[in-house]
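Here is the file my_file23.cif (mmCIF, C-alpha atoms).
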```cif
data_start
#
loop_
_atom_site.group_PDB
_atom_site.id
_atom_site.type_symbol
_atom_site.label_atom_id
_atom_site.label_comp_id
_atom_site.auth_asym_id
_atom_site.auth_seq_id
_atom_site.Cartn_x
_atom_site.Cartn_y
_atom_site.Cartn_z
ATOM 1 C CA MET A 284 -7.466 11.607 -18.179
ATOM 2 C CA PRO A 285 -7.612 11.488 -14.398
ATOM 3 C CA GLY A 286 -4.290 9.661 -14.044
ATOM 4 C CA ILE A 287 -2.938 6.622 -12.225
ATOM 5 C CA PHE A 288 -4.519 5.181 -9.078
ATOM 6 C CA SER A 289 -2.559 3.194 -6.502
ATOM 7 C CA PHE A 290 -4.522 1.078 -4.012
ATOM 8 C CA GLY A 291 -2.582 -0.292 -1.080
ATOM 9 C CA ARG A 292 -1.009 0.085 2.317
ATOM 10 C CA VAL A 293 0.482 3.198 3.838
ATOM 11 C CA ASN A 294 2.988 2.341 6.569
ATOM 12 C CA VAL A 295 5.812 3.700 8.602
ATOM 13 C CA ASP A 296 8.850 1.445 8.217
ATOM 14 C CA ILE A 297 11.121 1.106 11.228
ATOM 15 C CA VAL A 298 14.308 -0.580 10.052
ATOM 16 C CA PHE A 299 16.779 -2.135 12.500
ATOM 17 C CA ARG A 300 20.206 -3.254 11.319
ATOM 18 C CA ILE A 301 21.899 -5.933 13.408
ATOM 19 C CA ARG A 302 25.475 -7.156 13.093
ATOM 20 C CA GLU A 303 24.719 -10.886 13.378
ATOM 21 C CA SER A 304 24.456 -12.794 10.127
ATOM 22 C CA LYS A 305 21.015 -14.220 10.971
ATOM 23 C CA VAL A 306 18.103 -13.410 13.260
ATOM 24 C CA VAL A 307 18.016 -16.195 15.829
ATOM 25 C CA ARG A 308 14.783 -16.929 17.640
ATOM 26 C CA GLY A 309 15.117 -16.342 21.387
ATOM 27 C CA ALA A 310 18.528 -14.670 21.047
ATOM 28 C CA ARG A 311 19.434 -11.152 22.101
ATOM 29 C CA HIS A 312 20.605 -9.035 19.156
ATOM 30 C CA VAL A 313 22.396 -5.685 19.260
ATOM 31 C CA ILE A 314 20.923 -3.037 16.965
ATOM 32 C CA GLU A 315 23.639 -1.084 15.173
ATOM 33 C CA GLU A 316 21.436 1.317 13.242
ATOM 34 C CA VAL A 317 17.796 2.439 13.201
ATOM 35 C CA ALA A 318 16.026 4.176 10.313
ATOM 36 C CA ILE A 319 12.433 5.390 10.213
ATOM 37 C CA ARG A 320 10.869 6.125 6.834
ATOM 38 C CA GLY A 321 7.664 6.035 4.881
ATOM 39 C CA GLY A 322 6.563 2.751 3.401
ATOM 40 C CA GLY A 323 3.694 0.495 2.451
ATOM 41 C CA SER A 324 3.010 -0.992 -0.974
ATOM 42 C CA GLY A 325 0.410 1.578 -1.999
ATOM 43 C CA ALA A 326 2.478 4.562 -0.884
ATOM 44 C CA ASN A 327 5.693 3.217 -2.417
ATOM 45 C CA THR A 328 3.932 2.578 -5.727
ATOM 46 C CA ALA A 329 2.360 6.042 -5.790
ATOM 47 C CA ILE A 330 5.668 7.761 -5.009
ATOM 48 C CA ALA A 331 7.530 5.758 -7.663
ATOM 49 C CA ALA A 332 4.870 6.567 -10.274
ATOM 50 C CA SER A 333 4.891 10.253 -9.357
ATOM 51 C CA ARG A 334 8.671 10.456 -9.638
ATOM 52 C CA PHE A 335 8.680 8.543 -12.927
ATOM 53 C CA LEU A 336 5.922 10.657 -14.495
ATOM 54 C CA GLU A 337 7.494 13.943 -13.306
ATOM 55 C CA GLY A 338 4.150 15.734 -13.189
ATOM 56 C CA THR A 339 3.015 14.696 -16.683
ATOM 57 C CA GLU A 340 0.116 12.769 -15.152
ATOM 58 C CA LYS A 341 -1.641 12.849 -11.786
ATOM 59 C CA VAL A 342 -1.017 10.003 -9.345
ATOM 60 C CA TYR A 343 -3.645 9.216 -6.716
ATOM 61 C CA LEU A 344 -3.240 7.080 -3.614
ATOM 62 C CA VAL A 345 -6.285 5.252 -2.250
ATOM 63 C CA GLY A 346 -5.525 4.020 1.254
ATOM 64 C CA CYS A 347 -5.808 4.699 4.981
ATOM 65 C CA VAL A 348 -3.718 6.164 7.758
ATOM 66 C CA GLY A 349 -4.503 6.611 11.409
ATOM 67 C CA ASN A 350 -5.164 10.005 12.957
ATOM 68 C CA ASP A 351 -1.770 9.874 14.697
ATOM 69 C CA GLN A 352 1.583 11.601 14.257
ATOM 70 C CA GLU A 353 2.807 8.845 11.918
ATOM 71 C CA GLY A 354 -0.244 9.264 9.671
ATOM 72 C CA LYS A 355 0.236 13.035 9.542
ATOM 73 C CA SER A 356 3.897 12.520 8.706
ATOM 74 C CA GLN A 357 3.016 10.101 5.901
ATOM 75 C CA ILE A 358 0.478 12.552 4.443
ATOM 76 C CA GLU A 359 3.070 15.335 4.507
ATOM 77 C CA GLU A 360 5.685 13.121 2.830
ATOM 78 C CA LEU A 361 3.244 11.974 0.123
ATOM 79 C CA ARG A 362 2.206 15.571 -0.632
ATOM 80 C CA LYS A 363 5.874 16.531 -1.042
ATOM 81 C CA GLU A 364 6.102 13.736 -3.623
ATOM 82 C CA ASN A 365 3.135 15.239 -5.547
ATOM 83 C CA VAL A 366 0.803 12.327 -4.788
ATOM 84 C CA ASP A 367 -2.866 13.348 -4.830
ATOM 85 C CA LEU A 368 -4.532 12.314 -1.567
ATOM 86 C CA SER A 369 -8.134 13.123 -2.495
ATOM 87 C CA PHE A 370 -9.056 9.501 -1.726
ATOM 88 C CA MET A 371 -6.904 9.030 1.383
ATOM 89 C CA LYS A 372 -8.919 8.068 4.445
ATOM 90 C CA VAL A 373 -7.806 9.206 7.908
ATOM 91 C CA VAL A 374 -9.172 6.819 10.518
ATOM 92 C CA GLU A 375 -9.923 8.048 14.046
ATOM 93 C CA ASP A 376 -8.854 5.856 16.980
ATOM 94 C CA GLU A 377 -6.643 3.689 14.782
ATOM 95 C CA LEU A 378 -2.870 3.646 14.418
ATOM 96 C CA THR A 379 -1.146 4.033 11.075
ATOM 97 C CA GLY A 380 0.279 0.750 9.789
ATOM 98 C CA ARG A 381 3.843 -0.131 10.611
ATOM 99 C CA ALA A 382 6.478 -2.527 9.365
ATOM 100 C CA TYR A 383 9.300 -3.465 11.711
ATOM 101 C CA VAL A 384 12.160 -4.616 9.506
ATOM 102 C CA VAL A 385 15.240 -6.390 10.868
ATOM 103 C CA LEU A 386 18.184 -6.395 8.448
ATOM 104 C CA ASP A 387 20.836 -8.904 9.377
ATOM 105 C CA GLY A 388 24.546 -8.843 8.554
ATOM 106 C CA GLU A 389 23.840 -10.516 5.187
ATOM 107 C CA ASN A 390 21.185 -7.883 4.277
ATOM 108 C CA GLU A 391 18.390 -10.435 4.613
ATOM 109 C CA SER A 392 15.224 -8.947 6.073
ATOM 110 C CA THR A 393 12.733 -10.255 8.585
ATOM 111 C CA ILE A 394 9.546 -8.176 8.633
ATOM 112 C CA PHE A 395 6.940 -7.848 11.351
ATOM 113 C CA SER A 396 3.815 -6.064 10.076
ATOM 114 C CA PHE A 397 1.169 -4.179 11.999
ATOM 115 C CA VAL A 398 -1.706 -3.541 9.578
ATOM 116 C CA GLY A 399 -3.463 -0.867 11.671
ATOM 117 C CA ALA A 400 -5.597 1.633 9.740
ATOM 118 C CA ASN A 401 -4.825 -0.087 6.417
ATOM 119 C CA GLU A 402 -7.634 -2.591 7.079
ATOM 120 C CA LYS A 403 -10.236 0.201 7.305
ATOM 121 C CA LEU A 404 -10.587 0.881 3.573
ATOM 122 C CA THR A 405 -14.044 -0.415 2.581
ATOM 123 C CA LYS A 406 -16.306 -0.961 -0.393
ATOM 124 C CA GLU A 407 -18.231 2.145 0.688
ATOM 125 C CA ASP A 408 -15.030 4.163 0.288
ATOM 126 C CA LEU A 409 -14.848 3.006 -3.337
ATOM 127 C CA LEU A 410 -18.237 4.578 -3.978
ATOM 128 C CA LYS A 411 -17.355 8.039 -2.619
ATOM 129 C CA ASN A 412 -16.252 11.247 -4.318
ATOM 130 C CA ASN A 413 -16.809 10.146 -7.906
ATOM 131 C CA LEU A 414 -14.006 7.579 -7.577
ATOM 132 C CA GLN A 415 -15.728 5.002 -9.784
ATOM 133 C CA ASP A 416 -16.050 7.447 -12.706
ATOM 134 C CA MET A 417 -12.432 8.507 -12.328
ATOM 135 C CA LEU A 418 -11.249 4.889 -12.278
ATOM 136 C CA ASN A 419 -13.205 4.230 -15.474
ATOM 137 C CA SER A 420 -11.155 6.852 -17.311
ATOM 138 C CA ALA A 421 -7.832 6.348 -15.504
ATOM 139 C CA SER A 422 -4.634 5.522 -17.358
ATOM 140 C CA ALA A 423 -3.926 2.647 -14.979
ATOM 141 C CA ILE A 424 -5.007 1.142 -11.672
ATOM 142 C CA VAL A 425 -2.400 -0.547 -9.477
ATOM 143 C CA VAL A 426 -3.711 -2.880 -6.769
ATOM 144 C CA THR A 427 -1.191 -3.861 -4.084
ATOM 145 C CA ASN A 428 -1.625 -5.771 -0.848
ATOM 146 C CA ILE A 429 -5.190 -4.889 0.135
ATOM 147 C CA SER A 430 -7.654 -7.186 1.852
ATOM 148 C CA ARG A 431 -9.166 -10.035 -0.161
ATOM 149 C CA THR A 432 -12.680 -8.646 0.291
ATOM 150 C CA LEU A 433 -11.729 -5.164 -0.861
ATOM 151 C CA ALA A 434 -9.686 -6.498 -3.785
ATOM 152 C CA LEU A 435 -12.653 -8.547 -5.015
ATOM 153 C CA ASP A 436 -15.034 -5.591 -4.574
ATOM 154 C CA LEU A 437 -12.662 -3.343 -6.506
ATOM 155 C CA LEU A 438 -12.123 -5.888 -9.282
ATOM 156 C CA ALA A 439 -15.877 -6.424 -9.630
ATOM 157 C CA MET A 440 -16.319 -2.663 -9.966
ATOM 158 C CA ILE A 441 -13.645 -2.182 -12.623
ATOM 159 C CA LYS A 442 -14.069 -5.438 -14.573
ATOM 160 C CA SER A 443 -15.869 -3.762 -17.454
ATOM 161 C CA PHE A 444 -13.544 -0.743 -17.585
ATOM 162 C CA LYS A 445 -11.008 -0.445 -20.369
ATOM 163 C CA THR A 446 -8.454 0.771 -17.847
ATOM 164 C CA LYS A 447 -5.149 -1.086 -17.514
ATOM 165 C CA VAL A 448 -4.976 -2.960 -14.199
ATOM 166 C CA LEU A 449 -1.779 -4.119 -12.505
ATOM 167 C CA ILE A 450 -2.288 -6.504 -9.585
ATOM 168 C CA ASP A 451 0.301 -7.239 -6.934
ATOM 169 C CA PRO A 452 -1.657 -8.013 -3.776
ATOM 170 C CA GLY A 453 1.336 -9.627 -2.041
ATOM 171 C CA LYS A 454 1.327 -13.038 -0.454
ATOM 172 C CA SER A 455 -2.432 -12.760 0.044
ATOM 173 C CA PHE A 456 -2.733 -13.328 -3.725
ATOM 174 C CA LEU A 457 -2.122 -17.031 -3.218
ATOM 175 C CA SER A 458 -5.285 -17.326 -1.148
ATOM 176 C CA PHE A 459 -7.567 -15.900 -3.808
ATOM 177 C CA LYS A 460 -5.873 -16.096 -7.195
ATOM 178 C CA GLU A 461 -8.746 -18.240 -8.529
ATOM 179 C CA ASP A 462 -11.137 -15.378 -7.718
ATOM 180 C CA ILE A 463 -8.927 -12.862 -9.518
ATOM 181 C CA VAL A 464 -8.698 -15.084 -12.587
ATOM 182 C CA LYS A 465 -12.512 -14.958 -12.820
ATOM 183 C CA PHE A 466 -12.202 -11.213 -13.379
ATOM 184 C CA PHE A 467 -9.060 -11.217 -15.495
ATOM 185 C CA PRO A 468 -8.297 -14.559 -17.170
ATOM 186 C CA LEU A 469 -4.564 -15.195 -17.410
ATOM 187 C CA ASN A 470 -3.167 -15.982 -20.852
#
```
Produce structure tokens that represent the structure in this file.
Amino acid sequence: MPGIFSFGRVNVDIVFRIRESKVVRGARHVIEEVAIRGGGSGANTAIAASRFLEGTEKVYLVGCVGNDQEGKSQIEELRKENVDLSFMKVVEDELTGRAYVVLDGENESTIFSFVGANEKLTKEDLLKNNLQDMLNSASAIVVTNISRTLALDLLAMIKSFKTKVLIDPGKSFLSFKEDIVKFFPLN
């Protein structure tokens, strides 16, 4: 069995903690703490699966990073977590995705997302490197927060597979849940 495949975003998360209880539009806030760490739904899912499986099964990440220092850092971090990056795409002249997270005094978050290279994963990428055959015999496919077009292309490709599919495309799901139901009727 080839393993588990995670499709989704690869980001750098820049987290700012402020002391005020709420983010107020137009106000000036003092940042008390800054943290920079890896993130993105696809990367987070792949890392969690790799840690959970403890090497008993391979975990692949299918996503994109920019050819910048942040992308290189993300690749290094993912390799340390034993995530297979055979299907990771490095995009020239594009920045790696970022999420700017503001945590207020009540631990509520406000997130500003920069999609960057994440939008560069295409249907053509799904057809490369024997990916389709590997998906057909995978233990599971996890689809998180990818573009509507790519999600529909991927679901059309894997519809006839007997592989387990978990779908969490984020808020974008609301805009095309009827399309997804055509592939996988909800019971």
#### Entry: Reference answer for the PyMOL selection byres ((chain A and resi 449) around 8), as a count of residues only
8
Test item: the PyMOL selection byres ((chain A and resi 300-309) around 12) resolved as a PDB file with C-alpha atoms, in the coordinates of the input:
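Wrote it out as out_38.pdb, contents follow:
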```
ATOM      1  CA  ILE A 297      11.121   1.106  11.228  1.00  0.00           C
ATOM      2  CA  VAL A 298      14.308  -0.580  10.052  1.00  0.00           C
ATOM      3  CA  PHE A 299      16.779  -2.135  12.500  1.00  0.00           C
ATOM      4  CA  ALA A 310      18.528 -14.670  21.047  1.00  0.00           C
ATOM      5  CA  ARG A 311      19.434 -11.152  22.101  1.00  0.00           C
ATOM      6  CA  HIS A 312      20.605  -9.035  19.156  1.00  0.00           C
ATOM      7  CA  VAL A 313      22.396  -5.685  19.260  1.00  0.00           C
ATOM      8  CA  ILE A 314      20.923  -3.037  16.965  1.00  0.00           C
ATOM      9  CA  GLU A 315      23.639  -1.084  15.173  1.00  0.00           C
ATOM     10  CA  GLU A 316      21.436   1.317  13.242  1.00  0.00           C
ATOM     11  CA  VAL A 317      17.796   2.439  13.201  1.00  0.00           C
ATOM     12  CA  ALA A 318      16.026   4.176  10.313  1.00  0.00           C
ATOM     13  CA  ILE A 319      12.433   5.390  10.213  1.00  0.00           C
ATOM     14  CA  TYR A 383       9.300  -3.465  11.711  1.00  0.00           C
ATOM     15  CA  VAL A 384      12.160  -4.616   9.506  1.00  0.00           C
ATOM     16  CA  VAL A 385      15.240  -6.390  10.868  1.00  0.00           C
ATOM     17  CA  LEU A 386      18.184  -6.395   8.448  1.00  0.00           C
ATOM     18  CA  ASP A 387      20.836  -8.904   9.377  1.00  0.00           C
ATOM     19  CA  GLY A 388      24.546  -8.843   8.554  1.00  0.00           C
ATOM     20  CA  GLU A 389      23.840 -10.516   5.187  1.00  0.00           C
ATOM     21  CA  ASN A 390      21.185  -7.883   4.277  1.00  0.00           C
ATOM     22  CA  GLU A 391      18.390 -10.435   4.613  1.00  0.00           C
ATOM     23  CA  SER A 392      15.224  -8.947   6.073  1.00  0.00           C
ATOM     24  CA  THR A 393      12.733 -10.255   8.585  1.00  0.00           C
ATOM     25  CA  ILE A 394       9.546  -8.176   8.633  1.00  0.00           C
TER      26      ILE A 394
END
```
### Task
Point out the residue among A:Val345, A:Gly338, A:Pro285, A:Arg320 with the least atom-to-atom distance to Glu360 (chain A), counting only C-alpha atoms.
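Using only C-alpha atoms, Glu360 (chain A) sits closest to A:Arg320.
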### A:Thr339, A:Thr379, A:Thr405, A:Gln357 ranked by distance to Asp436 (chain A), top pick (using only C-alpha atoms)
A:Thr405
### Query
Taking the file as shown, what set of residues would the PyMOL selection byres ((chain A and resi 327-330) around 7) give back, as a list in words?
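For this structure, the PyMOL selection byres ((chain A and resi 327-330) around 7) captures Ser289, Gly322, Gly323, Ser324, Gly325, Ala326, Ala331, Ala332, Ser333, Arg334, Val342, Tyr343, Leu344, Glu364 and Val366 of chain A.
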### Message
So the first atom is CA of Phe397 (chain A) and the second is CA of Ser369 (chain A); what is the distance between them in Å, to one decimal place?
### Response
24.4 Å
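Shortest separation to Glu337 (chain A) among A:Asn365, A:Gly399, A:Asn413, A:Leu433 occurs at residue A:Asn365, atoms counted being only C-alpha atoms.
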### Task
Pick out the closest residue to Phe290 (chain A) from this set: A:Glu340, A:Glu353, A:Asp408, A:Glu375. Count all atoms listed in the file.
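Smallest distance to Phe290 (chain A) is found for A:Asp408.
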### Counting only C-alpha atoms, the residue of A:Ser420, A:Asn412, A:Lys403, A:Leu361 that sits nearest Thr432 (chain A)
A:Lys403
Determine, using only C-alpha atoms, which residues of region 325-418 of chain A have any atom at most 12 Å from an atom of region 439-444 of chain A, and tabulate each with its shortest atom pair and distance in Å to one decimal place, rows ordered by chain and then rising number, as a Markdown table.
```
| residue | atom | partner | partner_atom | distance |
| --- | --- | --- | --- | --- |
| A:Lys406 | CA | A:Met440 | CA | 9.7 |
| A:Glu407 | CA | A:Met440 | CA | 11.8 |
| A:Leu409 | CA | A:Met440 | CA | 8.8 |
| A:Leu410 | CA | A:Met440 | CA | 9.6 |
| A:Leu414 | CA | A:Met440 | CA | 10.8 |
| A:Gln415 | CA | A:Met440 | CA | 7.7 |
| A:Asp416 | CA | A:Phe444 | CA | 9.9 |
| A:Met417 | CA | A:Phe444 | CA | 10.7 |
| A:Leu418 | CA | A:Ile441 | CA | 7.5 |
```
### Query
CA of Ile429 (chain A) and CA of Glu402 (chain A) are how many Å apart?
7.7 Å
